[in-house]
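Shown next: work19.cif, given as mmCIF, C-alpha atoms and all ligand atoms.
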data_start
#
loop_
_atom_site.label_atom_id
_atom_site.label_comp_id
_atom_site.auth_asym_id
_atom_site.auth_seq_id
_atom_site.Cartn_x
_atom_site.Cartn_y
_atom_site.Cartn_z
CA MET A 1 -14.26 -2.15 -21.96
CA ILE A 2 -11.28 -0.15 -23.16
CA ARG A 3 -8.85 -1.17 -25.86
CA ILE A 4 -5.36 0.33 -25.73
CA ASP A 5 -2.96 -0.10 -28.66
CA ILE A 6 0.62 0.80 -27.84
CA ILE A 7 3.07 1.40 -30.69
CA SER A 8 6.69 0.88 -29.70
CA VAL A 9 10.16 0.02 -31.04
CA LEU A 10 10.85 -1.95 -27.85
CA PRO A 11 7.72 -4.06 -27.26
CA GLY A 12 9.75 -6.31 -24.94
CA LEU A 13 9.81 -3.48 -22.40
CA LEU A 14 6.02 -3.74 -22.10
CA GLU A 15 5.82 -7.49 -21.52
CA GLY A 16 5.84 -7.35 -17.73
CA PRO A 17 3.86 -4.34 -16.52
CA PHE A 18 0.38 -5.48 -17.52
CA ASP A 19 0.64 -9.08 -16.32
CA HIS A 20 0.18 -8.52 -12.60
CA SER A 21 -2.35 -7.55 -9.98
CA ILE A 22 -5.18 -5.13 -10.82
CA ILE A 23 -4.24 -4.66 -14.49
CA LYS A 24 -3.98 -8.40 -15.12
CA ARG A 25 -7.34 -8.93 -13.40
CA ALA A 26 -8.95 -6.20 -15.49
CA ARG A 27 -7.66 -7.88 -18.66
CA ASP A 28 -8.77 -11.34 -17.48
CA LYS A 29 -12.25 -9.97 -16.74
CA GLY A 30 -12.46 -8.46 -20.23
CA LEU A 31 -12.54 -4.88 -18.92
CA ALA A 32 -9.39 -3.93 -20.80
CA GLU A 33 -7.55 -5.19 -23.86
CA ILE A 34 -3.95 -4.07 -24.24
CA ASN A 35 -2.04 -4.72 -27.46
CA VAL A 36 1.57 -3.84 -28.12
CA HIS A 37 2.65 -3.34 -31.75
CA ASN A 38 6.24 -3.40 -32.94
CA LEU A 39 6.81 -0.26 -35.00
CA ARG A 40 9.50 -2.02 -37.05
CA ASP A 41 6.82 -4.30 -38.54
CA TYR A 42 5.46 -1.23 -40.34
CA SER A 43 8.75 0.02 -41.79
CA ASN A 44 9.12 -0.01 -45.59
CA ASN A 45 12.86 -0.15 -45.17
CA LYS A 46 14.52 -3.50 -45.83
CA HIS A 47 16.45 -3.23 -42.56
CA ARG A 48 13.22 -2.29 -40.71
CA LYS A 49 14.70 1.11 -39.93
CA VAL A 50 12.41 3.49 -38.04
CA ASP A 51 14.67 6.54 -37.58
CA ASP A 52 16.91 8.88 -39.54
CA TYR A 53 19.29 11.82 -39.14
CA PRO A 54 17.68 15.16 -38.27
CA PHE A 55 17.46 17.89 -40.90
CA GLY A 56 19.64 20.80 -39.90
CA GLY A 57 22.42 18.63 -38.57
CA GLU A 58 21.56 18.31 -34.88
CA ALA A 59 22.94 15.43 -32.79
CA GLY A 60 20.79 12.32 -32.30
CA MET A 61 18.20 10.49 -34.40
CA VAL A 62 14.58 11.29 -35.20
CA MET A 63 11.76 8.77 -35.63
CA SER A 64 10.53 8.80 -39.23
CA VAL A 65 6.97 9.53 -40.31
CA GLN A 66 6.51 6.48 -42.59
CA PRO A 67 6.35 3.55 -40.12
CA ILE A 68 4.32 5.56 -37.62
CA GLU A 69 1.83 6.69 -40.27
CA ALA A 70 1.53 3.11 -41.56
CA ALA A 71 0.93 1.68 -38.06
CA ILE A 72 -1.69 4.28 -37.14
CA THR A 73 -3.45 4.00 -40.53
CA GLN A 74 -3.60 0.22 -40.19
CA LEU A 75 -5.13 0.43 -36.69
CA LYS A 76 -7.58 3.16 -37.76
CA SER A 77 -8.76 0.99 -40.67
CA GLU A 78 -9.85 -1.62 -38.11
CA ARG A 79 -11.77 0.62 -35.67
CA ASN A 80 -12.36 4.22 -34.64
CA TYR A 81 -10.03 5.70 -32.07
CA ASP A 82 -11.02 8.29 -29.48
CA GLU A 83 -7.46 9.57 -29.11
CA VAL A 84 -4.03 9.01 -30.62
CA ILE A 85 -1.70 9.88 -27.75
CA TYR A 86 1.99 10.74 -28.06
CA THR A 87 4.07 10.51 -24.89
CA SER A 88 6.48 13.44 -24.63
CA PRO A 89 8.22 15.40 -21.88
CA ASP A 90 7.21 18.73 -23.47
CA ALA A 91 3.47 17.88 -23.35
CA PRO A 92 0.68 18.68 -20.83
CA LYS A 93 0.87 16.52 -17.69
CA PHE A 94 -0.88 13.21 -17.23
CA THR A 95 -3.00 13.83 -14.10
CA GLN A 96 -5.76 11.95 -12.29
CA SER A 97 -8.38 13.99 -14.14
CA VAL A 98 -6.86 13.00 -17.50
CA ALA A 99 -6.82 9.36 -16.31
CA ASN A 100 -10.51 9.61 -15.36
CA LYS A 101 -11.35 11.05 -18.77
CA LEU A 102 -9.39 8.40 -20.69
CA SER A 103 -10.92 5.59 -18.64
CA ASN A 104 -14.30 6.41 -20.22
CA MET A 105 -12.98 5.94 -23.75
CA LYS A 106 -13.28 2.86 -25.93
CA ASN A 107 -10.17 2.82 -28.11
CA ILE A 108 -6.93 4.68 -27.68
CA ILE A 109 -3.52 4.51 -29.32
CA ILE A 110 -0.39 5.37 -27.36
CA LEU A 111 2.70 6.13 -29.44
CA CYS A 112 6.04 5.74 -27.67
CA GLY A 113 8.87 7.97 -28.82
CA HIS A 114 12.60 7.22 -28.75
CA TYR A 115 15.88 8.96 -29.55
CA LYS A 116 15.19 12.68 -30.02
CA GLY A 117 11.49 12.01 -30.45
CA VAL A 118 9.24 11.78 -33.51
CA ASP A 119 9.30 13.92 -36.66
CA GLN A 120 7.14 16.97 -35.84
CA ARG A 121 4.78 16.12 -38.73
CA VAL A 122 3.61 13.06 -36.78
CA ARG A 123 2.57 15.39 -33.97
CA ASP A 124 0.97 17.87 -36.36
CA HIS A 125 -1.02 15.42 -38.48
CA LEU A 126 -1.55 12.12 -36.66
CA VAL A 127 -1.51 12.72 -32.92
CA THR A 128 -4.65 14.06 -31.20
CA MET A 129 -3.36 14.29 -27.61
CA GLU A 130 0.08 14.60 -26.02
CA LEU A 131 0.97 13.62 -22.47
CA SER A 132 4.01 13.93 -20.24
CA ILE A 133 4.33 11.89 -17.06
CA GLY A 134 6.57 14.49 -15.39
CA ASP A 135 9.31 17.05 -15.80
CA TYR A 136 12.20 14.72 -16.52
CA VAL A 137 13.42 12.97 -19.66
CA LEU A 138 13.20 9.21 -20.08
CA SER A 139 15.00 7.28 -22.80
CA GLY A 140 11.75 6.11 -24.35
CA GLY A 141 7.98 6.39 -24.14
CA GLU A 142 7.36 2.79 -23.00
CA LEU A 143 7.54 3.48 -19.28
CA ALA A 144 5.32 6.53 -19.78
CA ALA A 145 2.83 4.39 -21.75
CA ALA A 146 2.89 1.81 -18.93
CA VAL A 147 2.20 4.54 -16.35
CA ILE A 148 -0.70 5.97 -18.37
CA THR A 149 -2.19 2.54 -19.08
CA ASP A 150 -1.97 1.49 -15.43
CA GLY A 151 -3.49 4.76 -14.22
CA VAL A 152 -6.37 4.47 -16.68
CA VAL A 153 -7.16 0.76 -16.40
CA ARG A 154 -7.17 0.55 -12.57
CA ILE A 155 -10.11 2.99 -12.33
CA ILE A 156 -12.37 1.25 -14.83
CA PRO A 157 -15.39 0.14 -12.77
CA GLY A 158 -14.84 -3.49 -11.77
CA ALA A 159 -11.03 -3.43 -12.05
CA ILE A 160 -10.61 -2.85 -8.31
CA SER A 161 -12.90 -5.27 -6.50
CA ASP A 162 -14.11 -2.58 -4.08
CA SER A 163 -14.67 0.31 -6.48
CA SER A 164 -15.11 2.83 -3.65
CA SER A 165 -11.42 2.23 -2.89
CA ALA A 166 -10.30 3.98 -6.08
CA LEU A 167 -12.46 7.00 -5.23
CA SER A 168 -10.69 7.56 -1.89
CA ASP A 169 -7.23 7.60 -3.51
CA SER A 170 -5.14 10.75 -3.69
CA PHE A 171 -6.15 13.38 -6.30
CA GLN A 172 -9.77 12.25 -6.57
CA ASP A 173 -11.54 15.31 -5.03
CA ASN A 174 -8.26 17.26 -5.26
CA LEU A 175 -7.19 15.80 -1.90
CA LEU A 176 -4.31 13.57 -0.91
CA SER A 177 -5.36 10.31 0.69
CA ALA A 178 -5.64 10.06 4.51
CA PRO A 179 -3.11 7.77 6.26
CA VAL A 180 -4.07 4.08 6.43
CA TYR A 181 -3.37 1.43 9.09
CA THR A 182 -3.90 -2.30 9.49
CA ARG A 183 -3.61 -4.81 12.35
CA PRO A 184 -2.17 -4.96 14.96
CA ALA A 185 -3.50 -1.79 16.61
CA ASN A 186 -0.38 -1.70 18.76
CA TYR A 187 2.95 -2.73 17.23
CA LYS A 188 5.77 -2.48 19.81
CA GLY A 189 4.12 0.63 21.27
CA TRP A 190 3.36 2.23 17.86
CA THR A 191 -0.38 2.68 18.13
CA VAL A 192 -2.99 3.53 15.52
CA PRO A 193 -5.25 6.58 16.03
CA GLU A 194 -7.94 5.58 18.50
CA VAL A 195 -10.84 6.81 16.38
CA LEU A 196 -10.13 4.10 13.79
CA THR A 197 -10.79 1.32 16.29
CA SER A 198 -13.84 3.07 17.82
CA GLY A 199 -16.29 1.49 15.39
CA HIS A 200 -17.96 4.92 15.00
CA ALA A 201 -18.37 5.25 11.21
CA ALA A 202 -19.29 8.96 11.08
CA LYS A 203 -16.40 9.95 13.35
CA ILE A 204 -14.03 7.86 11.23
CA ASP A 205 -15.25 9.62 8.06
CA ASP A 206 -14.72 13.03 9.69
CA TRP A 207 -11.26 12.04 10.88
CA ARG A 208 -10.29 10.81 7.40
CA HIS A 209 -11.50 14.01 5.79
CA GLU A 210 -9.64 16.20 8.31
CA GLN A 211 -6.46 14.19 7.82
CA ALA A 212 -6.75 14.42 4.05
CA LEU A 213 -7.25 18.18 4.24
CA GLU A 214 -4.41 18.69 6.69
CA LYS A 215 -2.02 16.57 4.61
CA THR A 216 -3.00 18.35 1.40
CA ARG A 217 -2.51 21.79 3.02
CA ARG A 218 0.90 20.74 4.29
CA LEU A 219 2.26 18.87 1.27
CA ARG A 220 0.31 20.05 -1.77
CA PRO A 221 -1.44 23.36 -1.07
CA ASP A 222 -1.56 23.92 -4.84
CA LEU A 223 -4.27 21.22 -5.13
CA LEU A 224 -6.59 23.27 -2.92
CA ASP A 225 -6.25 26.44 -5.03
CA ASP A 226 -7.12 24.56 -8.23
CA ASP A 227 -10.80 25.42 -8.44
N1 LIG B 1 14.27 15.34 -27.30
C1 LIG B 1 13.07 15.22 -26.52
C2 LIG B 1 13.17 14.07 -25.54
C3 LIG B 1 13.17 12.73 -26.18
S1 LIG B 1 13.17 11.47 -25.00
C4 LIG B 1 12.87 16.49 -25.71
O1 LIG B 1 13.85 17.08 -25.28
O2 LIG B 1 11.71 16.86 -25.47
C5 LIG B 1 12.65 10.10 -25.96
C6 LIG B 1 11.21 9.70 -25.84
O3 LIG B 1 10.93 9.29 -24.52
C7 LIG B 1 10.20 10.78 -26.15
O4 LIG B 1 9.93 10.85 -27.52
C8 LIG B 1 8.97 10.33 -25.35
O5 LIG B 1 8.16 9.43 -26.08
C9 LIG B 1 9.60 9.59 -24.17
N2 LIG B 1 9.62 10.42 -22.94
C10 LIG B 1 10.71 10.91 -22.34
N3 LIG B 1 10.40 11.60 -21.23
C11 LIG B 1 9.06 11.53 -21.09
C12 LIG B 1 8.13 12.07 -20.16
N4 LIG B 1 8.51 12.80 -19.11
N5 LIG B 1 6.82 11.80 -20.33
C13 LIG B 1 6.40 11.07 -21.40
N6 LIG B 1 7.23 10.55 -22.33
C14 LIG B 1 8.55 10.77 -22.19
#

Starting from the coordinates I provided, produce the structure as structure tokens.
Amino acid sequence: MIRIDIISVLPGLLEGPFDHSIIKRARDKGLAEINVHNLRDYSNNKHRKVDDYPFGGEAGMVMSVQPIEAAITQLKSERNYDEVIYTSPDAPKFTQSVANKLSNMKNIIILCGHYKGVDQRVRDHLVTMELSIGDYVLSGGELAAAVITDGVVRIIPGAISDSSSALSDSFQDNLLSAPVYTRPANYKGWTVPEVLTSGHAAKIDDWRHEQALEKTRRLRPDLLDDD
């Protein structure tokens, strides 16, 4: 069971992503609890303001420390958290191995940034882990939080009905996944590799492994140099 608390100024953006398919099933089965908190509820400001002008006169707005500190302190008073994660494009990448690690945790907070990002003091004093979902800039951290949550929750044992399926996905074992096919074996002359219909389990395993290796060498040779 993992509990994920997401802190956001746009909680509406996170209403859809966790209500379908594997993630919904994981929540229904009690394997994951996902809560979205509106940062504005923690603002001391009478207009529920959560941002302010940057010191030094740069363009754009910066998310203030106060509401973020209040939200995190409130959550921490209720339970212990393994990580307080800030989503940011300048952070280390969210990879399958990070997803595997997070999926073993009990309680995590994900803080979504907006505007120019959060006041650096939030990152220095409150955040314990920072993650980027890729080298591009989004307008807010919600989509990044949705990506991280989905990647983590789908691999919790029991979330995917056949748990061996998650283990054969790309990046587990540093390999891309082999191609997959389903019926019919011949669609208008487009045939599936014969070995797959041979019924010979060991040969099929070998074929899958060779395909995965070949595809990884061709498309992502960097994965093979990793260790
Ligand atoms: N000024 C910042 C970008 C702010 S983008 C910079 O140049 O680094 C606004 C918010 O969107 C960020 O605070 C972060 O929470 C989120 N965000 C944008 N791109 C992201 C990415 N690639 N991965 C994770 N979060 C991202």

Show me which residues line ligand LIG 1 (chain B), defined as having an atom within 6 Å of a ligand atom where all atoms listed in the file count, and present them as number ranges by chain. A: 87-90, 112-117, 132-141, 144

Deliver the residues from the most recent selection as a file, using C-alpha atoms, as a PDB file, keeping the file's coordinate frame.
ATOM      1  CA  THR A  87       4.070  10.510 -24.890  1.00  0.00           C
ATOM      2  CA  SER A  88       6.480  13.440 -24.630  1.00  0.00           C
ATOM      3  CA  PRO A  89       8.220  15.400 -21.880  1.00  0.00           C
ATOM      4  CA  ASP A  90       7.210  18.730 -23.470  1.00  0.00           C
ATOM      5  CA  CYS A 112       6.040   5.740 -27.670  1.00  0.00           C
ATOM      6  CA  GLY A 113       8.870   7.970 -28.820  1.00  0.00           C
ATOM      7  CA  HIS A 114      12.600   7.220 -28.750  1.00  0.00           C
ATOM      8  CA  TYR A 115      15.880   8.960 -29.550  1.00  0.00           C
ATOM      9  CA  LYS A 116      15.190  12.680 -30.020  1.00  0.00           C
ATOM     10  CA  GLY A 117      11.490  12.010 -30.450  1.00  0.00           C
ATOM     11  CA  SER A 132       4.010  13.930 -20.240  1.00  0.00           C
ATOM     12  CA  ILE A 133       4.330  11.890 -17.060  1.00  0.00           C
ATOM     13  CA  GLY A 134       6.570  14.490 -15.390  1.00  0.00           C
ATOM     14  CA  ASP A 135       9.310  17.050 -15.800  1.00  0.00           C
ATOM     15  CA  TYR A 136      12.200  14.720 -16.520  1.00  0.00           C
ATOM     16  CA  VAL A 137      13.420  12.970 -19.660  1.00  0.00           C
ATOM     17  CA  LEU A 138      13.200   9.210 -20.080  1.00  0.00           C
ATOM     18  CA  SER A 139      15.000   7.280 -22.800  1.00  0.00           C
ATOM     19  CA  GLY A 140      11.750   6.110 -24.350  1.00  0.00           C
ATOM     20  CA  GLY A 141       7.980   6.390 -24.140  1.00  0.00           C
ATOM     21  CA  ALA A 144       5.320   6.530 -19.780  1.00  0.00           C
TER      22      ALA A 144
END

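Proximity of A:Ile108, A:Asp41, A:Ile34, A:Glu142 to A:Gly12, computed with all atoms listed in the file, is greatest for A:Glu142.
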
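Across the model, the gap from atom CA of A:Glu78 to atom CA of A:Lys101 is 23.2 Å.
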
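Among the candidates A:Ala202, A:Val118, A:Thr182, A:Thr128, the one nearest to A:Met63 when counting all atoms listed in the file is A:Val118.
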
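Rounded to one decimal, atom CA of A:Ser163 and atom CA of A:Ser21 lie 15.0 Å from each other.
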
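Atom CA of A:Ile2 is found 6.5 Å from atom CA of A:Leu31.
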
Neighbour list for A:Ile4 as a ChimeraX atom specification, cut-off 8 Å, all atoms listed in the file, skip fewer than 5 positions in-chain: /A:32-35,107-110,149

Which neighbours of A:Met1 fall inside 10 Å, counting all atoms listed in the file, when residues of the same chain fewer than 4 positions from it are skipped, and could you give them as a short mmCIF file (atom, residue, chain, number, x, y, z; two decimals) with C-alpha atoms, keeping the file's coordinate frame?
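Dumped to around_20.cif:
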data_model
loop_
_atom_site.label_atom_id
_atom_site.label_comp_id
_atom_site.auth_asym_id
_atom_site.auth_seq_id
_atom_site.Cartn_x
_atom_site.Cartn_y
_atom_site.Cartn_z
CA ALA A 26 -8.95 -6.20 -15.49
CA ARG A 27 -7.66 -7.88 -18.66
CA LYS A 29 -12.25 -9.97 -16.74
CA GLY A 30 -12.46 -8.46 -20.23
CA LEU A 31 -12.54 -4.88 -18.92
CA ALA A 32 -9.39 -3.93 -20.80
CA GLU A 33 -7.55 -5.19 -23.86
CA SER A 103 -10.92 5.59 -18.64
CA ASN A 104 -14.30 6.41 -20.22
CA MET A 105 -12.98 5.94 -23.75
CA LYS A 106 -13.28 2.86 -25.93
CA ASN A 107 -10.17 2.82 -28.11
CA VAL A 153 -7.16 0.76 -16.40
CA ILE A 156 -12.37 1.25 -14.83
CA PRO A 157 -15.39 0.14 -12.77
#

Expected answer as number ranges by chain: all residues with atoms within 6 Å of (14.2, 7.2, -36.6), only C-alpha atoms: A: 50-52, 61-64

Just-selected residues, C-alpha atoms written as a compact mmCIF listing (two decimals), in the frame of the given file:
# COMPACT_ATOMS: atom_id res chain seq x y z
CA VAL A 50 12.41 3.49 -38.04
CA ASP A 51 14.67 6.54 -37.58
CA ASP A 52 16.91 8.88 -39.54
CA MET A 61 18.20 10.49 -34.40
CA VAL A 62 14.58 11.29 -35.20
CA MET A 63 11.76 8.77 -35.63
CA SER A 64 10.53 8.80 -39.23

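Compared by their closest atoms to A:Leu39, and using all atoms listed in the file, the residues A:Gln66, A:Asn186, A:Ser8, A:Gln120 rank with A:Ser8 nearest.
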
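Nearest residue to A:Val84 among A:His47, A:Gln211, A:Val98, A:Asp5 is A:Asp5, counting all atoms listed in the file.
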
Around the point (-4.9, 3.1, 6.4) (coordinates from the file), which residues reach within 12 Å if we count only C-alpha atoms? Answer as a PyMOL selection string. chain A and resi 165+168-169+177-183+185+192-193+196-197+204+207-208+211-212

Go ahead and write the residues just picked, C-alpha atoms, as a tab-separated table (two decimals), keeping the file's coordinate frame.
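Dumped everything to selection.tsv:
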chain	number	residue	atom	x	y	z
A	165	SER	CA	-11.42	2.23	-2.89
A	168	SER	CA	-10.69	7.56	-1.89
A	169	ASP	CA	-7.23	7.60	-3.51
A	177	SER	CA	-5.36	10.31	0.69
A	178	ALA	CA	-5.64	10.06	4.51
A	179	PRO	CA	-3.11	7.77	6.26
A	180	VAL	CA	-4.07	4.08	6.43
A	181	TYR	CA	-3.37	1.43	9.09
A	182	THR	CA	-3.90	-2.30	9.49
A	183	ARG	CA	-3.61	-4.81	12.35
A	185	ALA	CA	-3.50	-1.79	16.61
A	192	VAL	CA	-2.99	3.53	15.52
A	193	PRO	CA	-5.25	6.58	16.03
A	196	LEU	CA	-10.13	4.10	13.79
A	197	THR	CA	-10.79	1.32	16.29
A	204	ILE	CA	-14.03	7.86	11.23
A	207	TRP	CA	-11.26	12.04	10.88
A	208	ARG	CA	-10.29	10.81	7.40
A	211	GLN	CA	-6.46	14.19	7.82
A	212	ALA	CA	-6.75	14.42	4.05

Near A:Asp150, within 10 Å and counting all atoms listed in the file, which residues show up once chain neighbours fewer than 5 positions away are dropped, as a list of chain:residue names? A:Pro17, A:Phe18, A:Ile22, A:Ile23, A:Ala99, A:Ala144, A:Ala145, A:Ile155

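Taking all atoms listed in the file into account, A:Arg123 lies nearest to A:Val65 out of the set A:Ala201, A:Val152, A:Ala166, A:Val65.
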
Determine the axis-aligned bounding box of all atoms of stretch 136-146 of chain A present in the file, pad each side by 4 Å, and express its centre and edge lengths in Å to one decimal place as JSON.
{"center_x": 8.9, "center_y": 8.3, "center_z": -20.4, "size_x": 20.2, "size_y": 20.9, "size_z": 15.8}

Residue with the minimum atom-to-atom distance to A:Tyr42, picked from A:Lys24, A:Glu58, A:Gln74, A:Leu14 with all atoms listed in the file counted, is A:Gln74

Would you mind completing stretch 111-121 of chain A to all heavy atoms and writing the output as a short mmCIF file (atom, residue, chain, number, x, y, z; two decimals), keeping the file's coordinate frame?
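Contents of the output file part.cif:
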data_model
loop_
_atom_site.label_atom_id
_atom_site.label_comp_id
_atom_site.auth_asym_id
_atom_site.auth_seq_id
_atom_site.Cartn_x
_atom_site.Cartn_y
_atom_site.Cartn_z
N LEU A 111 1.48 6.21 -28.65
CA LEU A 111 2.70 6.13 -29.44
C LEU A 111 3.89 6.47 -28.54
O LEU A 111 3.93 7.52 -27.92
CB LEU A 111 2.59 7.13 -30.60
CG LEU A 111 3.84 7.36 -31.43
CD1 LEU A 111 4.26 6.09 -32.17
CD2 LEU A 111 3.60 8.51 -32.42
N CYS A 112 4.85 5.53 -28.50
CA CYS A 112 6.04 5.74 -27.67
C CYS A 112 7.16 6.31 -28.52
O CYS A 112 7.51 5.73 -29.55
CB CYS A 112 6.52 4.41 -27.09
SG CYS A 112 5.27 3.52 -26.18
N GLY A 113 7.74 7.41 -28.10
CA GLY A 113 8.87 7.97 -28.82
C GLY A 113 10.18 7.36 -28.36
O GLY A 113 10.24 6.65 -27.34
N HIS A 114 11.23 7.61 -29.12
CA HIS A 114 12.60 7.22 -28.75
C HIS A 114 13.56 8.24 -29.31
O HIS A 114 13.15 9.13 -30.06
CB HIS A 114 12.94 5.83 -29.30
CG HIS A 114 12.76 4.77 -28.26
ND1 HIS A 114 13.75 4.42 -27.38
CD2 HIS A 114 11.69 4.03 -27.94
CE1 HIS A 114 13.28 3.50 -26.56
NE2 HIS A 114 12.03 3.24 -26.88
N TYR A 115 14.83 8.08 -29.01
CA TYR A 115 15.88 8.96 -29.55
C TYR A 115 15.52 10.42 -29.24
O TYR A 115 15.20 10.75 -28.11
CB TYR A 115 16.08 8.71 -31.06
CG TYR A 115 15.96 7.25 -31.44
CD1 TYR A 115 14.92 6.79 -32.24
CD2 TYR A 115 16.87 6.32 -30.93
CE1 TYR A 115 14.81 5.44 -32.56
CE2 TYR A 115 16.76 4.97 -31.24
CZ TYR A 115 15.72 4.54 -32.06
OH TYR A 115 15.60 3.23 -32.36
N LYS A 116 15.54 11.28 -30.27
CA LYS A 116 15.19 12.68 -30.02
C LYS A 116 13.69 12.91 -30.09
O LYS A 116 13.23 14.05 -29.95
CB LYS A 116 15.88 13.59 -31.05
CG LYS A 116 17.38 13.71 -30.81
CD LYS A 116 17.97 14.99 -31.31
CE LYS A 116 17.55 16.22 -30.56
NZ LYS A 116 18.06 16.27 -29.17
N GLY A 117 12.94 11.87 -30.32
CA GLY A 117 11.49 12.01 -30.45
C GLY A 117 11.06 11.79 -31.89
O GLY A 117 11.86 11.37 -32.73
N VAL A 118 9.77 12.04 -32.17
CA VAL A 118 9.24 11.78 -33.51
C VAL A 118 9.33 13.04 -34.38
O VAL A 118 9.34 14.17 -33.87
CB VAL A 118 7.77 11.31 -33.46
CG1 VAL A 118 7.64 10.00 -32.71
CG2 VAL A 118 6.86 12.38 -32.85
N ASP A 119 9.40 12.84 -35.68
CA ASP A 119 9.30 13.92 -36.66
C ASP A 119 8.06 14.76 -36.32
O ASP A 119 6.98 14.22 -36.08
CB ASP A 119 9.15 13.27 -38.05
CG ASP A 119 9.18 14.27 -39.20
OD1 ASP A 119 8.42 15.25 -39.16
OD2 ASP A 119 9.95 14.04 -40.15
N GLN A 120 8.23 16.08 -36.27
CA GLN A 120 7.14 16.97 -35.84
C GLN A 120 5.86 16.75 -36.65
O GLN A 120 4.75 16.96 -36.16
CB GLN A 120 7.60 18.43 -35.95
CG GLN A 120 6.56 19.47 -35.53
CD GLN A 120 6.14 19.34 -34.06
OE1 GLN A 120 6.95 18.99 -33.19
NE2 GLN A 120 4.86 19.59 -33.78
N ARG A 121 5.99 16.30 -37.90
CA ARG A 121 4.78 16.12 -38.73
C ARG A 121 3.87 15.03 -38.18
O ARG A 121 2.66 15.07 -38.40
CB ARG A 121 5.19 15.83 -40.19
CG ARG A 121 5.77 17.08 -40.86
CD ARG A 121 6.43 16.76 -42.16
NE ARG A 121 7.67 15.99 -41.94
CZ ARG A 121 8.47 15.59 -42.92
NH1 ARG A 121 8.18 15.87 -44.19
NH2 ARG A 121 9.57 14.91 -42.64
#
